[in-house]
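Working notes, structure below.
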Amino acid sequence: EREFRNRLMCANERGETMQVSVEQNRIVIIDGKKTLWLEPWGKDAFRVRMTGEAVMDGQDWALTEPTADCRMDVSVEEVDTTDPWYATEEYAKYHQTGKVYTARNGKITAVVGPEGWISYYNQRGELLTKEYWRNRNRINRYCTSLRIDARELKPIPGSTDYELTMRFEAYDDEKIFGMGQYQDRHLDKKGATLELAHRNSQSSVPFLISSRGYGFFWNNPAIGTATFATNRTEWYARSTKKLDYYITAGDTPFELEERYSEVTGRSPMMPEYGLGYWQCKLRYRTQEELLAVAREHKRRGLPMDAIVVDFFHWTRQGEFKFEPRDWPDPEAMVRELRELGIEPVVSVWPTIDERSENFGEMNDKGYLVAPDRGMAYHMSWMGNTVFYDATHPGAQRFVWEKCRENYYDKGIRCFWLDEAEPEYGPYDFDNYRYYAGPALQCSNVYPVGYAKGFYDGLKAAGETGILSLVRCAWAGSQKYGALTWSGDIHSSFRAMREQLQAGLNMCVAGIPWWTSDIGGFIGGNIQDPYFKELLVRWFAWGAFCPVFRMHGERSPWYEREEEFINGVRQLTSGQDNEVWSFGEDNYEILKKYLFIRERLRPYIRECMRQASETGAPVMRPLFFDFPRDKTAWEVEDAYMFGPDLLVAPVMEEGQREREVYLPGGCRWTDANTKEVYEGGRRVTVPAPLDIIPVFVREGRTYSIYE
C-alpha cells in the first residue's frame, strides 16, 4: 500500500495524470504534454496519431485517399472494483482512466485500458496485437521496474522534432510479410531488423500483413528501423513530428490488402504494352543500334512490346533530351517503333550536372536537394551532380516540362525514372534537406514525388494508360503508375533467390507492378556457361512476373576508347543482351517463353484488372489464396501468379527437378507433364533446363507448354 501511494504521488508530480475522452468520432488520450488520437480510418481500420506539441501535425503522408465515413461504436466500462490496484480514491483522483474504452469499427476493435494501453482484437474477440508496456510508473497489475513505455516521443533539444519509438508485444506464432524490398533470402520477416530507408535495390514500404489477421502501416517516411524480434516488435524514427500508424483487421490477406489500398491508393489499369515482353540492355548507344535490334526481333517473328532507351543518351545529366549526334531523329524512331508495335521507353535521371543548361535556374529556384553542411555534390560519377528535389511541386513541374518538350512532344509516353532512392554517395541522410523537410524526416517519400511529377504531367497531357518504370517506391507510389524493379543486383543464383522474396514482399506491401533485371544487372559474361544457365532460368521465371523485362550490363564491357562530346565524357555499353545472344540452344528456350507470355496475356490482363480494382497482388505468397492451409504460410520458394497458376522457379545451379508444395483444398495439374496431383502434399517434378514447374489449379485450363 505504501509503495502504491508513493508511485501515485510521483506520477502526479511529473504531470503523468491521464485524461481520456471521446471527441468527434475519436478517442483522445491526454497524458501530460502528449496527445493521442485513435479514430476510424475507412472500413475495419483505425489510425493512431500522437504528438508532444500543442497542435497535431497535419501531414497525412500516404493516407491521402478519401475514406468511407465510418462511425466507431464506443462503450465505456468501469474497471473491476474488486481489484485492489484500481479500487482506491487515489487512483480515481489522479487517473480518469479508471475506465475501459472499447471502440469498434467493423472487424477491428480497439480497447484502451485503465492505464492508457491499447490492444486490438478482431470481430471474434481474438487478440491481434497490443502495445508493449514495462513501466513501474504506470499503475497496473503487471508493474515492472524496467520503465519502458510503448509510445516514446523524446524531444530533440533545441527543436520541435522528436526521436520516436513505438513498441508492440511479440508473439511466437506470428509471421510477418511485406515491408517492401530487402536483399535477403527470407520471405517471413519475423526475426528481422529492417532499415526504414531506400538504397539501390532496397525499397522501404512499411506495410505488413501478419499471420494473426491484421495489417499494419507505419505512416512515417522518416529514416529509422523496424525490428520484429522475439521479445517485442519495435518501430523507430530518428527524427519526426509525430507518431502515425494505421491498423486494419480482416478474415483473409486479400481483405487486408483491399483495406490498405483503399486508404493509400491503387494502381491504374496496366497499359497493354506492359503485359508483354520488354527488351533492354546497358545500353543502346545510338538510334540506329536500337532500331536494328527492334527490326531483327520482328524479322524473326518474335513478340516485343517495349524497348528501352537507357541512360546517357543525353550529352549532360540534367538536360533531359536526346544527344543529337547519336539520336538525330527521335520522331522518326518513335514512328517506326510504333509501326512495329513496340512502345519506346526513355530513361530519366534526377541528377543535375553542374555544367547542365538547367543547373543555374534550378539552383536559384530552390529545386535542388540542399546540404546542411559541406559540398553540395551528391554524386561524382560521369560528372559532378546534385539530385533535384522531387518533393518540391515546382521542381516536379520543371522537370516534367523539360521532358514534355524534349521527349513527350517527340512521341515518348513511357519513362524510366532511375536513381529514385535517390542513390546518395554516401547515404548521409542527416546532411540533406528537402522542400518537404529534413531528409531524416521525409526522405522515403522521394520516389513518390518523382513518380507523381510524371503522372501529373502525363495526365494533364491527356494520357490515360500511365506507367513509369521506377527504381524505388514508398507507400502511395502505386497510384502514380509506378512499376518498380529490384535495382542493380548481381548476376548469380543467390541474387535470383533473393529477388523472389523481394518481389513477393513488395507486392504484399501494396506495390503490385514489380519486375527484376532478368539475369541480374552486375556481371554476367554472356560466354560463361554458369551465366547462360542462370539467364535461361531467370528468363523463364520472368515470364511469370507482373512485368517481363530483360536487362543487365553484361560484362566484360566493350573495350572502346573514351568518347567525348563537347568535352563531356560519354558512357560505353555492355555486351549484347538479345534473346539470340546466348547460343542457338538457349535461343530456342527463350523464344518458347516469349510465346508462353503471349498466350498468358488475357490471363495477366485480368490479374492486372483485379489489382487495379481491389489491390490484389498479381504475384503473391501461397497463403493469400490458401489462408487456412498452415503449410502454405511456410512456403518461401513458390508463389501464386494470379488465382490459378502456382509457379516454382528453379533457383539452383545444375538443378533438374523440384520439390513443390501444393496447397490443400483442390487438385493441381502439372502444366508440363499433365499429371494431376491432390493438394495438401509435396511432390517432386522434373525441371529440365527448358522447364519452370507451373501447376494449374483445378477447374482451370491454360495452355502453358504445348
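Labels used: A, B, ... for chains in the order of the C-alpha cells, numbers from 1 for residues in each chain, and numbers from 1 for ligands as shown.
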
Residues of segment 258-309 of chain A that have any atom at most 10 Å from an atom of segment 504-527 of chain A: could you tabulate them with the shortest-distance atom pair and the distance in Å to one decimal, using only C-alpha atoms, ordered by chain and increasing number, as a tab-separated table?
```
residue	atom	partner	partner_atom	distance
A:Glu258	CA	A:Gly510	CA	9.2
A:Tyr260	CA	A:Gly510	CA	7.7
A:Ser261	CA	A:Gly510	CA	6.7
A:Thr264	CA	A:Gly510	CA	8.8
A:Gly265	CA	A:Gly510	CA	9.0
A:Arg266	CA	A:Gly510	CA	8.1
A:Ser267	CA	A:Pro512	CA	7.5
A:Met270	CA	A:Trp513	CA	8.5
A:Gly274	CA	A:Trp513	CA	9.5
A:Cys280	CA	A:Asp517	CA	9.1
A:Lys281	CA	A:Phe521	CA	9.3
A:Leu282	CA	A:Phe521	CA	9.0
```

> How would you write, as a ChimeraX atom specification, the set of residues in segment 401-539 of chain A that DSSP gives as strand (DSSP E)?
Replying inline: /A:414-417,432-434,437-438,468-470,482-485,514-515

Polymer residues at most 6 Å from segment 105-120 of chain A, only C-alpha atoms, same-chain spacing of 6 or more positions, as a PDB file with N, CA, C and O atoms, in the first residue's frame:
```pdb
ATOM      1  N   ASP A  44     -13.030  -1.169 -41.221  1.00  0.00           N
ATOM      2  CA  ASP A  44     -12.286  -2.175 -40.436  1.00  0.00           C
ATOM      3  C   ASP A  44     -10.901  -1.698 -40.021  1.00  0.00           C
ATOM      4  O   ASP A  44      -9.962  -2.508 -39.944  1.00  0.00           O
ATOM      5  N   MET A  72     -17.352   4.947 -35.365  1.00  0.00           N
ATOM      6  CA  MET A  72     -16.995   3.864 -34.452  1.00  0.00           C
ATOM      7  C   MET A  72     -17.984   3.802 -33.291  1.00  0.00           C
ATOM      8  O   MET A  72     -18.530   4.822 -32.855  1.00  0.00           O
ATOM      9  N   THR A  97      -8.601   7.424 -16.209  1.00  0.00           N
ATOM     10  CA  THR A  97      -8.689   6.182 -16.954  1.00  0.00           C
ATOM     11  C   THR A  97      -8.928   5.002 -16.038  1.00  0.00           C
ATOM     12  O   THR A  97      -8.403   3.921 -16.246  1.00  0.00           O
ATOM     13  N   GLY A  98      -9.748   5.164 -15.005  1.00  0.00           N
ATOM     14  CA  GLY A  98     -10.233   4.042 -14.230  1.00  0.00           C
ATOM     15  C   GLY A  98     -11.329   3.333 -14.989  1.00  0.00           C
ATOM     16  O   GLY A  98     -12.093   2.562 -14.414  1.00  0.00           O
ATOM     17  N   LYS A  99     -11.420   3.606 -16.275  1.00  0.00           N
ATOM     18  CA  LYS A  99     -12.431   3.034 -17.149  1.00  0.00           C
ATOM     19  C   LYS A  99     -11.751   2.374 -18.346  1.00  0.00           C
ATOM     20  O   LYS A  99     -10.635   2.718 -18.709  1.00  0.00           O
ATOM     21  N   LEU A 128      -5.312  -9.482 -31.646  1.00  0.00           N
ATOM     22  CA  LEU A 128      -4.443  -9.305 -32.815  1.00  0.00           C
ATOM     23  C   LEU A 128      -3.044  -8.891 -32.371  1.00  0.00           C
ATOM     24  O   LEU A 128      -2.055  -9.531 -32.679  1.00  0.00           O
ATOM     25  N   THR A 129      -2.982  -7.788 -31.644  1.00  0.00           N
ATOM     26  CA  THR A 129      -1.718  -7.306 -31.100  1.00  0.00           C
ATOM     27  C   THR A 129      -2.034  -6.279 -30.018  1.00  0.00           C
ATOM     28  O   THR A 129      -3.165  -5.791 -29.922  1.00  0.00           O
ATOM     29  N   LYS A 130      -1.047  -5.959 -29.212  1.00  0.00           N
ATOM     30  CA  LYS A 130      -1.244  -4.934 -28.192  1.00  0.00           C
ATOM     31  C   LYS A 130       0.081  -4.237 -27.916  1.00  0.00           C
ATOM     32  O   LYS A 130       1.162  -4.762 -28.213  1.00  0.00           O
ATOM     33  N   GLU A 131      -0.043  -3.050 -27.358  1.00  0.00           N
ATOM     34  CA  GLU A 131       1.147  -2.265 -27.055  1.00  0.00           C
ATOM     35  C   GLU A 131       1.978  -2.934 -25.956  1.00  0.00           C
ATOM     36  O   GLU A 131       1.457  -3.659 -25.104  1.00  0.00           O
ATOM     37  N   ALA A 249      -8.068  -5.008 -39.722  1.00  0.00           N
ATOM     38  CA  ALA A 249      -8.306  -6.429 -39.488  1.00  0.00           C
ATOM     39  C   ALA A 249      -9.158  -6.985 -40.616  1.00  0.00           C
ATOM     40  O   ALA A 249      -9.960  -6.268 -41.223  1.00  0.00           O
TER      41      ALA A 249
END
```

>> Show me, as a PyMOL selection string, the residues that have an atom within 6 Å of Trp416 of chain A when counting only C-alpha atoms, minus same-chain residues fewer than 4 positions from it.
In response: chain A and resi 346-348+468-469

> Pick the closest to Arg283 of chain A from A:Phe168, A:Phe312, A:Tyr593, A:Phe695: which is it, counting only C-alpha atoms?
Replying inline: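 Result for the nearest residue to Arg283 of chain A: A:Phe312.
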
> Got a sec: who's within 6 Å of segment 367-380 of chain A, counting only C-alpha atoms, leaving out chain neighbours fewer than 5 positions off, as a PyMOL selection string?
Replying inline: chain A and resi 362+385-389+395+424-425+431-434

Residues from the last selection, N, CA and C atoms, saved as a PDB file, in the first residue's frame:
```
ATOM      1  N   MET A 362      17.601  25.907 -61.778  1.00  0.00           N
ATOM      2  CA  MET A 362      17.064  25.020 -60.743  1.00  0.00           C
ATOM      3  C   MET A 362      17.658  25.352 -59.378  1.00  0.00           C
ATOM      4  N   THR A 385      27.303  16.032 -59.823  1.00  0.00           N
ATOM      5  CA  THR A 385      25.858  16.187 -59.947  1.00  0.00           C
ATOM      6  C   THR A 385      25.185  16.363 -58.596  1.00  0.00           C
ATOM      7  N   VAL A 386      23.974  16.964 -58.645  1.00  0.00           N
ATOM      8  CA  VAL A 386      23.111  17.161 -57.485  1.00  0.00           C
ATOM      9  C   VAL A 386      21.737  16.613 -57.856  1.00  0.00           C
ATOM     10  N   PHE A 387      21.055  15.968 -56.920  1.00  0.00           N
ATOM     11  CA  PHE A 387      19.710  15.467 -57.181  1.00  0.00           C
ATOM     12  C   PHE A 387      18.704  16.612 -57.153  1.00  0.00           C
ATOM     13  N   TYR A 388      17.757  16.553 -58.075  1.00  0.00           N
ATOM     14  CA  TYR A 388      16.675  17.538 -57.986  1.00  0.00           C
ATOM     15  C   TYR A 388      15.727  17.121 -56.870  1.00  0.00           C
ATOM     16  N   ASP A 389      15.016  18.087 -56.305  1.00  0.00           N
ATOM     17  CA  ASP A 389      14.155  17.860 -55.147  1.00  0.00           C
ATOM     18  C   ASP A 389      12.774  17.418 -55.611  1.00  0.00           C
ATOM     19  N   ALA A 395       9.665  21.883 -58.596  1.00  0.00           N
ATOM     20  CA  ALA A 395      10.695  21.079 -59.244  1.00  0.00           C
ATOM     21  C   ALA A 395      10.076  19.951 -60.058  1.00  0.00           C
ATOM     22  N   TYR A 424      22.319   8.344 -52.899  1.00  0.00           N
ATOM     23  CA  TYR A 424      23.353   9.234 -52.393  1.00  0.00           C
ATOM     24  C   TYR A 424      24.667   8.491 -52.237  1.00  0.00           C
ATOM     25  N   GLY A 425      25.736   9.212 -52.414  1.00  0.00           N
ATOM     26  CA  GLY A 425      27.037   8.640 -52.126  1.00  0.00           C
ATOM     27  C   GLY A 425      27.845   9.604 -51.277  1.00  0.00           C
ATOM     28  N   ASN A 431      22.404  14.990 -43.564  1.00  0.00           N
ATOM     29  CA  ASN A 431      23.033  16.148 -44.188  1.00  0.00           C
ATOM     30  C   ASN A 431      22.206  16.731 -45.328  1.00  0.00           C
ATOM     31  N   TYR A 432      21.040  16.162 -45.627  1.00  0.00           N
ATOM     32  CA  TYR A 432      20.269  16.613 -46.779  1.00  0.00           C
ATOM     33  C   TYR A 432      18.941  17.224 -46.334  1.00  0.00           C
ATOM     34  N   ARG A 433      18.466  18.146 -47.133  1.00  0.00           N
ATOM     35  CA  ARG A 433      17.234  18.858 -46.786  1.00  0.00           C
ATOM     36  C   ARG A 433      16.384  19.026 -48.041  1.00  0.00           C
ATOM     37  N   TYR A 434      15.090  18.688 -47.884  1.00  0.00           N
ATOM     38  CA  TYR A 434      14.139  18.783 -48.980  1.00  0.00           C
ATOM     39  C   TYR A 434      13.149  19.921 -48.753  1.00  0.00           C
TER      40      TYR A 434
END
```

> What is the atom CA of Tyr603 of chain A to atom CA of Gly276 of chain A distance in Å?
Replying inline: 11.9 Å

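DSSP, applied to the backbone of this structure, assigns helix (DSSP H, G or I) to the following residues of segment 32-245 of chain A: Glu89, Glu90, Tyr91, Ala92, Lys93 and Tyr94 of chain A.
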
Got time to write the residues from that selection, N, CA and C atoms, as an mmCIF file, in the first residue's frame?
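Okay, selection.cif is ready:
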```cif
data_model
loop_
_atom_site.group_PDB
_atom_site.id
_atom_site.type_symbol
_atom_site.label_atom_id
_atom_site.label_comp_id
_atom_site.auth_asym_id
_atom_site.auth_seq_id
_atom_site.Cartn_x
_atom_site.Cartn_y
_atom_site.Cartn_z
ATOM 1 N N GLU A 89 -9.232 5.654 -3.823
ATOM 2 C CA GLU A 89 -9.565 7.046 -4.108
ATOM 3 C C GLU A 89 -8.425 7.734 -4.842
ATOM 4 N N GLU A 90 -7.170 7.355 -4.492
ATOM 5 C CA GLU A 90 -6.025 7.990 -5.137
ATOM 6 C C GLU A 90 -6.028 7.729 -6.641
ATOM 7 N N TYR A 91 -6.331 6.481 -7.011
ATOM 8 C CA TYR A 91 -6.334 6.154 -8.441
ATOM 9 C C TYR A 91 -7.403 6.960 -9.176
ATOM 10 N N ALA A 92 -8.580 7.008 -8.584
ATOM 11 C CA ALA A 92 -9.670 7.748 -9.215
ATOM 12 C C ALA A 92 -9.330 9.232 -9.329
ATOM 13 N N LYS A 93 -8.604 9.764 -8.339
ATOM 14 C CA LYS A 93 -8.267 11.186 -8.332
ATOM 15 C C LYS A 93 -7.251 11.526 -9.414
ATOM 16 N N TYR A 94 -6.252 10.697 -9.552
ATOM 17 C CA TYR A 94 -5.149 11.033 -10.451
ATOM 18 C C TYR A 94 -5.253 10.384 -11.822
#
```

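Of the listed residues A:Val470, A:Ile30, A:Val579, A:Val660, the one whose atoms come nearest to Asn200 of chain A is A:Val470, with distances taken using only C-alpha atoms.
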
> Quick one: distance from atom CA of Arg597 of chain A to atom CA of Asp644 of chain A in Å, one decimal?
Replying inline: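 Rounded to one decimal, the two atoms are 15.1 Å apart.
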
> Which neighbours of Leu302 of chain A fall inside 12 Å, counting only C-alpha atoms, when residues of the same chain fewer than 2 positions from it are skipped, and could you give them as a count of residues only?
Replying inline: 31

> Got a sec: who's within 8 Å of Thr391 of chain A, counting only C-alpha atoms, leaving out chain neighbours fewer than 4 positions off, as a PyMOL selection string?
Replying inline: chain A and resi 395-396+434-436+445-446+449-450

Restricting the output to N, CA, C and O atoms, write the selected residues as a PDB file, in the first residue's frame.
```
ATOM      1  N   ALA A 395       9.665  21.883 -58.596  1.00  0.00           N
ATOM      2  CA  ALA A 395      10.695  21.079 -59.244  1.00  0.00           C
ATOM      3  C   ALA A 395      10.076  19.951 -60.058  1.00  0.00           C
ATOM      4  O   ALA A 395      10.560  19.621 -61.149  1.00  0.00           O
ATOM      5  N   GLN A 396       9.010  19.349 -59.541  1.00  0.00           N
ATOM      6  CA  GLN A 396       8.305  18.317 -60.307  1.00  0.00           C
ATOM      7  C   GLN A 396       7.829  18.875 -61.641  1.00  0.00           C
ATOM      8  O   GLN A 396       8.019  18.261 -62.702  1.00  0.00           O
ATOM      9  N   TYR A 434      15.090  18.688 -47.884  1.00  0.00           N
ATOM     10  CA  TYR A 434      14.139  18.783 -48.980  1.00  0.00           C
ATOM     11  C   TYR A 434      13.149  19.921 -48.753  1.00  0.00           C
ATOM     12  O   TYR A 434      13.038  20.465 -47.643  1.00  0.00           O
ATOM     13  N   TYR A 435      12.384  20.181 -49.792  1.00  0.00           N
ATOM     14  CA  TYR A 435      11.245  21.095 -49.654  1.00  0.00           C
ATOM     15  C   TYR A 435      10.301  20.586 -48.567  1.00  0.00           C
ATOM     16  O   TYR A 435       9.744  21.365 -47.784  1.00  0.00           O
ATOM     17  N   ALA A 436      10.113  19.263 -48.492  1.00  0.00           N
ATOM     18  CA  ALA A 436       9.196  18.656 -47.519  1.00  0.00           C
ATOM     19  C   ALA A 436       9.765  18.614 -46.111  1.00  0.00           C
ATOM     20  O   ALA A 436       9.032  18.304 -45.166  1.00  0.00           O
ATOM     21  N   VAL A 445       9.782   9.571 -49.002  1.00  0.00           N
ATOM     22  CA  VAL A 445       8.747   9.951 -49.966  1.00  0.00           C
ATOM     23  C   VAL A 445       9.346  10.417 -51.293  1.00  0.00           C
ATOM     24  O   VAL A 445       8.600  10.700 -52.235  1.00  0.00           O
ATOM     25  N   TYR A 446      10.664  10.472 -51.406  1.00  0.00           N
ATOM     26  CA  TYR A 446      11.284  10.968 -52.639  1.00  0.00           C
ATOM     27  C   TYR A 446      10.759  10.234 -53.880  1.00  0.00           C
ATOM     28  O   TYR A 446      10.337  10.880 -54.855  1.00  0.00           O
ATOM     29  N   GLY A 449       7.218  11.399 -54.972  1.00  0.00           N
ATOM     30  CA  GLY A 449       7.194  12.664 -55.691  1.00  0.00           C
ATOM     31  C   GLY A 449       7.753  12.560 -57.098  1.00  0.00           C
ATOM     32  O   GLY A 449       7.258  13.214 -58.029  1.00  0.00           O
ATOM     33  N   TYR A 450       8.767  11.738 -57.266  1.00  0.00           N
ATOM     34  CA  TYR A 450       9.384  11.520 -58.581  1.00  0.00           C
ATOM     35  C   TYR A 450       8.341  10.962 -59.550  1.00  0.00           C
ATOM     36  O   TYR A 450       8.164  11.466 -60.678  1.00  0.00           O
TER      37      TYR A 450
END
```
